[in-house]
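> The file below is my_file-v6.cif, mmCIF, C-alpha atoms:
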```
data_start
loop_
_atom_site.label_atom_id
_atom_site.label_comp_id
_atom_site.auth_asym_id
_atom_site.auth_seq_id
_atom_site.Cartn_x
_atom_site.Cartn_y
_atom_site.Cartn_z
CA MET G 1 -76.32 29.22 89.74
CA LYS G 2 -79.26 31.52 90.32
CA PRO G 3 -82.46 30.89 88.26
CA VAL G 4 -82.35 34.38 86.72
CA LEU G 5 -78.79 33.79 85.50
CA VAL G 6 -79.81 30.45 83.94
CA VAL G 7 -82.60 32.13 82.00
CA LEU G 8 -80.25 34.85 80.77
CA LEU G 9 -77.69 32.27 79.62
CA LEU G 10 -80.30 30.15 77.79
CA ALA G 11 -82.09 33.08 76.14
CA PRO G 12 -79.69 33.21 73.14
CA VAL G 13 -80.18 29.45 72.65
CA PHE G 14 -83.98 29.80 72.55
CA THR G 15 -83.71 32.77 70.20
CA SER G 16 -81.38 30.84 67.91
CA CYS G 17 -83.77 27.87 67.78
CA MET G 18 -86.69 30.13 66.96
CA ALA G 19 -84.75 31.76 64.15
CA LEU G 20 -84.18 28.36 62.55
CA VAL G 21 -87.93 27.80 62.15
CA LEU G 22 -88.24 29.38 58.71
CA PRO G 23 -91.45 29.11 56.66
CA LEU G 24 -91.25 26.70 53.74
CA ASP G 25 -94.46 27.99 52.16
CA CYS G 26 -97.55 30.11 52.76
CA SER G 27 -99.14 27.36 54.83
CA ASP G 28 -96.33 27.63 57.39
CA ILE G 29 -96.85 31.41 57.51
CA HIS G 30 -100.58 30.96 58.09
CA ASN G 31 -100.08 28.27 60.72
CA ASN G 32 -97.72 30.56 62.62
CA ASP G 33 -100.25 33.42 62.55
CA ASN G 34 -103.68 32.74 61.02
CA SER G 35 -104.54 36.45 61.00
CA ARG G 36 -102.04 37.17 58.21
CA PRO G 37 -103.77 38.72 55.16
CA SER G 38 -103.08 37.96 51.51
CA GLY G 39 -99.89 39.60 50.32
CA VAL G 40 -96.17 39.22 49.64
CA TYR G 41 -94.17 37.13 52.12
CA THR G 42 -90.72 35.56 52.29
CA ILE G 43 -90.34 31.79 52.26
CA TYR G 44 -87.26 29.55 52.54
CA PRO G 45 -87.77 26.47 50.33
CA ILE G 46 -84.21 25.12 50.71
CA GLY G 47 -83.10 26.59 54.05
CA SER G 48 -81.88 29.91 55.43
CA THR G 49 -79.92 30.95 52.32
CA SER G 50 -82.84 30.38 49.92
CA ALA G 51 -85.07 33.35 50.76
CA VAL G 52 -87.58 34.10 48.01
CA GLN G 53 -90.62 36.35 47.89
CA VAL G 54 -94.01 34.89 46.99
CA PHE G 55 -97.60 36.04 46.96
CA CYS G 56 -99.70 34.22 49.55
CA ASP G 57 -103.42 33.93 48.86
CA MET G 58 -104.97 33.67 52.33
CA ASP G 59 -108.56 34.09 51.08
CA SER G 60 -109.41 31.67 48.24
CA GLN G 61 -110.92 28.35 49.35
CA GLU G 62 -109.70 28.47 52.98
CA GLY G 63 -106.45 30.23 52.04
CA ARG G 64 -102.83 29.17 52.62
CA TRP G 65 -102.14 29.10 48.84
CA MET G 66 -98.67 29.94 47.55
CA VAL G 67 -98.84 31.51 44.09
CA PHE G 68 -96.11 30.28 41.74
CA GLN G 69 -97.45 31.79 38.50
CA ARG G 70 -99.54 34.92 37.94
CA ARG G 71 -100.66 36.94 34.93
CA MET G 72 -102.77 40.02 35.51
CA ASP G 73 -101.90 42.96 33.25
CA GLY G 74 -99.28 42.03 30.66
CA SER G 75 -96.55 44.06 32.41
CA VAL G 76 -94.03 41.18 32.41
CA ASN G 77 -92.72 39.36 29.33
CA PHE G 78 -93.19 35.60 29.79
CA TYR G 79 -91.57 34.59 26.49
CA ARG G 80 -88.26 33.77 28.16
CA PRO G 81 -85.45 31.19 27.99
CA TRP G 82 -84.96 28.08 30.09
CA ASP G 83 -82.66 29.66 32.69
CA HIS G 84 -85.28 32.30 33.53
CA TYR G 85 -87.98 29.68 34.09
CA LYS G 86 -85.57 27.63 36.18
CA VAL G 87 -84.79 30.39 38.69
CA GLY G 88 -87.90 32.57 38.35
CA PHE G 89 -88.64 36.15 37.28
CA GLY G 90 -91.02 39.06 37.80
CA SER G 91 -92.29 40.50 41.08
CA ALA G 92 -94.40 38.70 43.67
CA ALA G 93 -96.46 41.89 44.01
CA GLY G 94 -97.44 41.65 40.33
CA GLU G 95 -96.84 39.23 37.49
CA TYR G 96 -94.25 36.55 38.16
CA TRP G 97 -93.02 32.97 37.82
CA LEU G 98 -91.55 31.49 41.00
CA GLY G 99 -89.04 29.11 39.40
CA LEU G 100 -88.98 25.43 38.48
CA GLU G 101 -86.10 24.61 40.81
CA THR G 102 -87.98 26.03 43.79
CA LEU G 103 -91.12 24.12 42.81
CA PHE G 104 -89.13 20.90 42.60
CA HIS G 105 -87.62 21.36 46.07
CA LEU G 106 -91.04 22.10 47.53
CA SER G 107 -92.34 18.91 45.89
CA LEU G 108 -89.65 16.96 47.72
CA ARG G 109 -90.69 18.22 51.13
CA LYS G 110 -94.49 18.12 51.12
CA LYS G 111 -97.44 16.75 49.17
CA TYR G 112 -99.24 19.62 47.43
CA GLU G 113 -102.58 20.34 45.81
CA LEU G 114 -103.06 22.91 43.05
CA LEU G 115 -105.61 25.65 42.43
CA VAL G 116 -105.82 27.55 39.14
CA ASP G 117 -107.90 30.74 39.29
CA MET G 118 -108.75 32.73 36.15
CA GLU G 119 -110.86 35.63 34.94
CA ASP G 120 -112.01 36.84 31.52
CA PHE G 121 -112.35 40.44 30.35
CA SER G 122 -116.06 40.47 31.26
CA GLY G 123 -115.35 39.85 34.94
CA ASN G 124 -116.34 36.16 34.97
CA ARG G 125 -114.23 34.09 37.35
CA VAL G 126 -113.74 30.32 37.40
CA SER G 127 -111.25 27.82 38.76
CA ALA G 128 -109.82 24.33 38.40
CA ARG G 129 -108.48 22.39 41.37
CA TYR G 130 -106.22 19.33 41.48
CA SER G 131 -105.68 17.21 44.58
CA SER G 132 -102.11 16.29 43.65
CA PHE G 133 -99.30 18.39 42.11
CA SER G 134 -95.56 17.77 41.86
CA ILE G 135 -92.66 18.11 39.44
CA ASP G 136 -89.53 16.02 38.90
CA PRO G 137 -85.94 17.35 39.04
CA GLU G 138 -84.25 19.13 36.14
CA SER G 139 -82.49 15.92 35.10
CA TYR G 140 -85.99 14.56 34.28
CA GLY G 141 -87.05 17.77 32.53
CA TYR G 142 -89.08 19.05 35.49
CA THR G 143 -91.83 16.62 34.42
CA LEU G 144 -95.29 17.60 35.65
CA HIS G 145 -97.50 15.26 37.69
CA VAL G 146 -101.05 16.44 38.34
CA SER G 147 -104.26 14.54 39.14
CA GLY G 148 -107.54 14.65 41.06
CA PHE G 149 -109.43 17.32 39.13
CA THR G 150 -112.35 19.22 40.70
CA ASP G 151 -114.25 21.63 38.47
CA GLY G 152 -114.78 25.21 39.57
CA GLY G 153 -116.32 26.19 36.24
CA ALA G 154 -113.11 26.23 34.18
CA GLY G 155 -113.07 22.63 32.98
CA ASP G 156 -109.97 20.45 32.98
CA SER G 157 -107.24 21.76 30.67
CA LEU G 158 -104.26 20.60 32.73
CA SER G 159 -104.59 16.81 33.03
CA TYR G 160 -103.61 16.61 29.35
CA HIS G 161 -100.21 18.08 30.31
CA SER G 162 -99.49 15.61 33.12
CA GLY G 163 -96.41 13.56 32.33
CA ALA G 164 -94.96 16.25 30.06
CA LYS G 165 -91.54 17.86 30.46
CA PHE G 166 -91.20 21.63 30.65
CA SER G 167 -90.30 23.40 27.40
CA THR G 168 -89.06 26.86 26.47
CA PHE G 169 -88.12 28.32 23.08
CA ASP G 170 -84.46 27.41 23.70
CA LYS G 171 -85.07 23.99 25.30
CA ASP G 172 -87.61 21.93 23.35
CA GLN G 173 -88.78 18.89 25.33
CA ASP G 174 -92.32 18.50 23.97
CA GLU G 175 -93.75 15.57 21.99
CA ASN G 176 -94.43 17.66 18.91
CA GLY G 177 -92.14 17.54 15.90
CA ARG G 178 -91.90 21.31 16.13
CA ASN G 179 -91.18 23.59 19.10
CA CYS G 180 -94.47 24.28 20.92
CA ALA G 181 -92.97 27.14 22.94
CA ARG G 182 -91.96 28.93 19.73
CA LEU G 183 -95.25 28.12 18.01
CA PHE G 184 -97.41 29.44 20.84
CA LEU G 185 -95.15 32.18 22.25
CA GLY G 186 -94.86 30.75 25.74
CA ALA G 187 -93.22 28.20 28.00
CA PHE G 188 -95.01 25.33 29.71
CA TRP G 189 -95.36 21.59 30.17
CA TYR G 190 -96.23 21.26 26.50
CA LYS G 191 -97.20 17.91 25.07
CA SER G 192 -98.32 18.19 21.43
CA CYS G 193 -98.95 21.09 22.06
CA HIS G 194 -101.39 22.52 24.65
CA GLN G 195 -104.82 22.80 26.21
CA ALA G 196 -103.46 25.37 28.65
CA ASN G 197 -101.03 28.16 27.80
CA PRO G 198 -100.89 30.35 30.92
CA ASN G 199 -97.47 31.72 30.00
CA GLY G 200 -98.44 32.68 26.45
CA GLY G 201 -98.54 36.16 24.97
CA TYR G 202 -100.72 38.61 26.91
CA ARG G 203 -103.57 39.65 24.62
CA TRP G 204 -107.05 41.08 25.13
CA GLY G 205 -109.90 38.60 24.98
CA ALA G 206 -111.26 37.08 21.77
CA ASP G 207 -108.79 37.21 18.88
CA SER G 208 -108.49 34.64 16.11
CA THR G 209 -105.81 36.41 14.07
CA LEU G 210 -103.08 34.22 15.60
CA PHE G 211 -104.07 30.71 16.68
CA ALA G 212 -103.66 29.69 20.35
CA VAL G 213 -100.82 32.04 21.28
CA GLY G 214 -102.56 33.86 24.14
CA VAL G 215 -103.00 33.24 27.86
CA GLU G 216 -105.39 30.35 27.38
CA TRP G 217 -107.43 27.69 29.14
CA TYR G 218 -108.98 25.71 26.30
CA ARG G 219 -111.77 23.95 28.25
CA TRP G 220 -113.21 27.29 29.31
CA LYS G 221 -112.67 29.74 26.45
CA GLY G 222 -111.18 27.73 23.58
CA HIS G 223 -108.01 28.53 21.64
CA ASP G 224 -108.99 32.02 20.48
CA TYR G 225 -109.52 33.80 23.79
CA SER G 226 -106.71 35.23 25.91
CA LEU G 227 -107.58 35.58 29.59
CA LYS G 228 -107.35 38.75 31.66
CA THR G 229 -105.90 36.99 34.70
CA ILE G 230 -104.69 33.53 35.67
CA SER G 231 -102.80 32.33 38.73
CA MET G 232 -101.48 28.91 39.68
CA LYS G 233 -101.07 28.25 43.37
CA ILE G 234 -100.24 25.32 45.66
CA ARG G 235 -100.68 24.39 49.30
CA PRO G 236 -99.92 21.27 51.35
CA VAL G 237 -102.54 18.53 51.35
CA GLN G 238 -104.11 18.29 54.80
#
```
Show how you would write the structure in this file as structure tokens.

Amino acid sequence: MKPVLVVLLLAPVFTSCMALVLPLDCSDIHNNDNSRPSGVYTIYPIGSTSAVQVFCDMDSQEGRWMVFQRRMDGSVNFYRPWDHYKVGFGSAAGEYWLGLETLFHLSLRKKYELLVDMEDFSGNRVSARYSSFSIDPESYGYTLHVSGFTDGGAGDSLSYHSGAKFSTFDKDQDENGRNCARLFLGAFWYKSCHQANPNGGYRWGADSTLFAVGVEWYRWKGHDYSLKTISMKIRPVQ
């Protein structure tokens, strides 16, 4: 068999193998081409039939961050039932929640760290970083595990929630006698109840008329200030 013919016969095999190398997260996208800018990309967290769009932050703290939660303008309603938080909602180009099931499957495949970026209505920006982030399967309530806090000016409002199950207004798994999701108009890994409420009602800055229902990070702005933006993002630990 002539060499040229061998190459032609094997070409479909090589192409097929290349097609199977699908990005699991934004880190895979960056590693394949480190010139990629921040923006919306497609990842495959559970194989070729699991395509989902995410926003990749290729700029913050060496980049490669995959955003799984983002609030920025109040255009998307985050007061939603369990099934919505399980599968995800919104648009990766704007406000969105990736989905608990996707986060769980990512947790199975790699060890991740977490970065939470936020901004107030005066343009001040701070962050909180955690060296370890994972969640358990749905049968365990998608329990949150987070540790290794590094302060970027925001203070630590998330370690309090580590070990908590995820709660929505129609699936109460918090430690409070009442439903934290209903009380604070959100959905999160509530304990009794929260120091962080990133999925709370989108409001505009300081407002004490309704206690702790806004998009909040208690260790930075307290319970009576709703943030302008907040995003939660993960990348593999190097």
> What separation in Å, quoted to one decimal, exists between atom CA of G:Asn199 and atom CA of G:Asp25?
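For atom CA of G:Asn199 relative to atom CA of G:Asp25, the distance reads 22.7 Å.
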> Could you check which of G:Leu22, G:Ala187, G:Met58, G:Leu103 is closest to G:Asp170, using only C-alpha atoms?
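With only C-alpha atoms as the atom set, the closest residue is G:Ala187.
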> List the residues sitting within 8 Å of (-93.8, 22.0, 49.2) in the file's frame, using all atoms listed in the file, as a PyMOL selection string.
chain G and resi 24-25+45+103+105-112+235-236
> Evaluated on this file, the PyMOL selection byres ((chain G and resi 184) around 12) picks out some residues - which ones are they, written as a PyMOL selection string?
chain G and resi 78-79+167-169+178-183+185-188+190+192-202+210-216+223-224
> My list of candidates is G:Gly123, G:Gly90, G:Trp220, G:Ser208. Which is closest to G:Gly152 when distances are computed with all atoms listed in the file?
G:Trp220
> Translate the PyMOL selection byres ((chain G and resi 162) around 6) into a concrete residue list for this structure, as a ChimeraX atom specification.
/G:144-146,159-161,163-164
> Using atom CA of G:Glu95 and atom CA of G:Gly153 as the two end points, give the distance in Å to one decimal.
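According to the coordinates, atom CA of G:Glu95 and atom CA of G:Gly153 are separated by 23.5 Å.
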> Just give me the gap between atom CA of G:Asp83 and atom CA of G:Gly99 in Å, one decimal is fine.
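Atom CA of G:Asp83 sits 9.3 Å away from atom CA of G:Gly99.
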> Which residue, G:Asn124, G:Thr42, G:Asn176, G:Thr209, has the smallest gap to G:Leu227 when you use all atoms listed in the file?
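Nearest candidate to G:Leu227 out of G:Asn124, G:Thr42, G:Asn176, G:Thr209: G:Asn124.
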> Taking (-90.3, 34.5, 52.1) in the file's coordinates as the center, which residues reach within 7 Å of it, counting all atoms listed in the file, put as a PyMOL selection string?
chain G and resi 41-44+51-54
> Tell me which of G:Phe149, G:Lys228, G:Phe55, G:Val76 sits closest to G:Leu98, counting all atoms listed in the file.
G:Phe55
> Would you mind telling me which residue in G:Ser132, G:Ala154, G:Glu62, G:Gly88 lies nearest to G:Asn34 when using only C-alpha atoms?
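Smallest separation from G:Asn34 among the options: G:Glu62.
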> Would you please take stretch 62-82 of chain G of the structure in the block above and write N, CA and C atoms to a file as a compact mmCIF listing (two decimals), in the first residue's frame?

```
# COMPACT_ATOMS: atom_id res chain seq x y z
N GLU G 62 -5.04 35.33 36.51
CA GLU G 62 -4.47 34.36 35.57
C GLU G 62 -5.50 33.62 34.73
N GLY G 63 -6.77 33.99 34.82
CA GLY G 63 -7.78 33.45 33.93
C GLY G 63 -8.14 31.99 34.12
N ARG G 64 -8.79 31.43 33.12
CA ARG G 64 -9.24 30.03 33.07
C ARG G 64 -10.45 29.76 33.97
N TRP G 65 -11.13 30.82 34.46
CA TRP G 65 -12.26 30.64 35.36
C TRP G 65 -13.55 30.37 34.60
N MET G 66 -14.31 29.39 35.06
CA MET G 66 -15.62 29.08 34.50
C MET G 66 -16.70 29.63 35.43
N VAL G 67 -17.44 30.61 34.94
CA VAL G 67 -18.48 31.25 35.75
C VAL G 67 -19.70 30.32 35.85
N PHE G 68 -20.15 30.04 37.09
CA PHE G 68 -21.36 29.23 37.23
C PHE G 68 -22.53 30.02 37.82
N GLN G 69 -22.26 31.24 38.26
CA GLN G 69 -23.32 32.12 38.77
C GLN G 69 -22.92 33.55 38.47
N ARG G 70 -23.89 34.36 37.96
CA ARG G 70 -23.56 35.76 37.70
C ARG G 70 -24.81 36.63 37.79
N ARG G 71 -24.69 37.69 38.58
CA ARG G 71 -25.69 38.75 38.66
C ARG G 71 -25.03 40.03 38.20
N MET G 72 -25.73 40.82 37.40
CA MET G 72 -25.11 42.03 36.88
C MET G 72 -26.08 43.18 36.61
N ASP G 73 -27.37 42.88 36.43
CA ASP G 73 -28.30 43.96 36.08
C ASP G 73 -29.75 43.70 36.49
N GLY G 74 -30.02 42.58 37.11
CA GLY G 74 -31.38 42.28 37.54
C GLY G 74 -32.31 41.83 36.43
N SER G 75 -31.76 41.46 35.28
CA SER G 75 -32.60 41.10 34.12
C SER G 75 -33.20 39.70 34.22
N VAL G 76 -32.63 38.86 35.10
CA VAL G 76 -33.12 37.48 35.25
C VAL G 76 -33.64 37.27 36.67
N ASN G 77 -34.79 36.66 36.78
CA ASN G 77 -35.39 36.33 38.07
C ASN G 77 -34.70 35.09 38.66
N PHE G 78 -34.09 35.24 39.83
CA PHE G 78 -33.40 34.13 40.48
C PHE G 78 -34.24 33.48 41.58
N TYR G 79 -35.43 33.95 41.81
CA TYR G 79 -36.32 33.33 42.80
C TYR G 79 -37.09 32.22 42.09
N ARG G 80 -36.45 31.06 42.01
CA ARG G 80 -36.92 29.96 41.18
C ARG G 80 -36.96 28.64 41.96
N PRO G 81 -37.70 27.65 41.43
CA PRO G 81 -37.83 26.36 42.11
C PRO G 81 -36.61 25.47 41.93
N TRP G 82 -36.64 24.38 42.66
CA TRP G 82 -35.54 23.41 42.69
C TRP G 82 -35.12 22.94 41.30
```
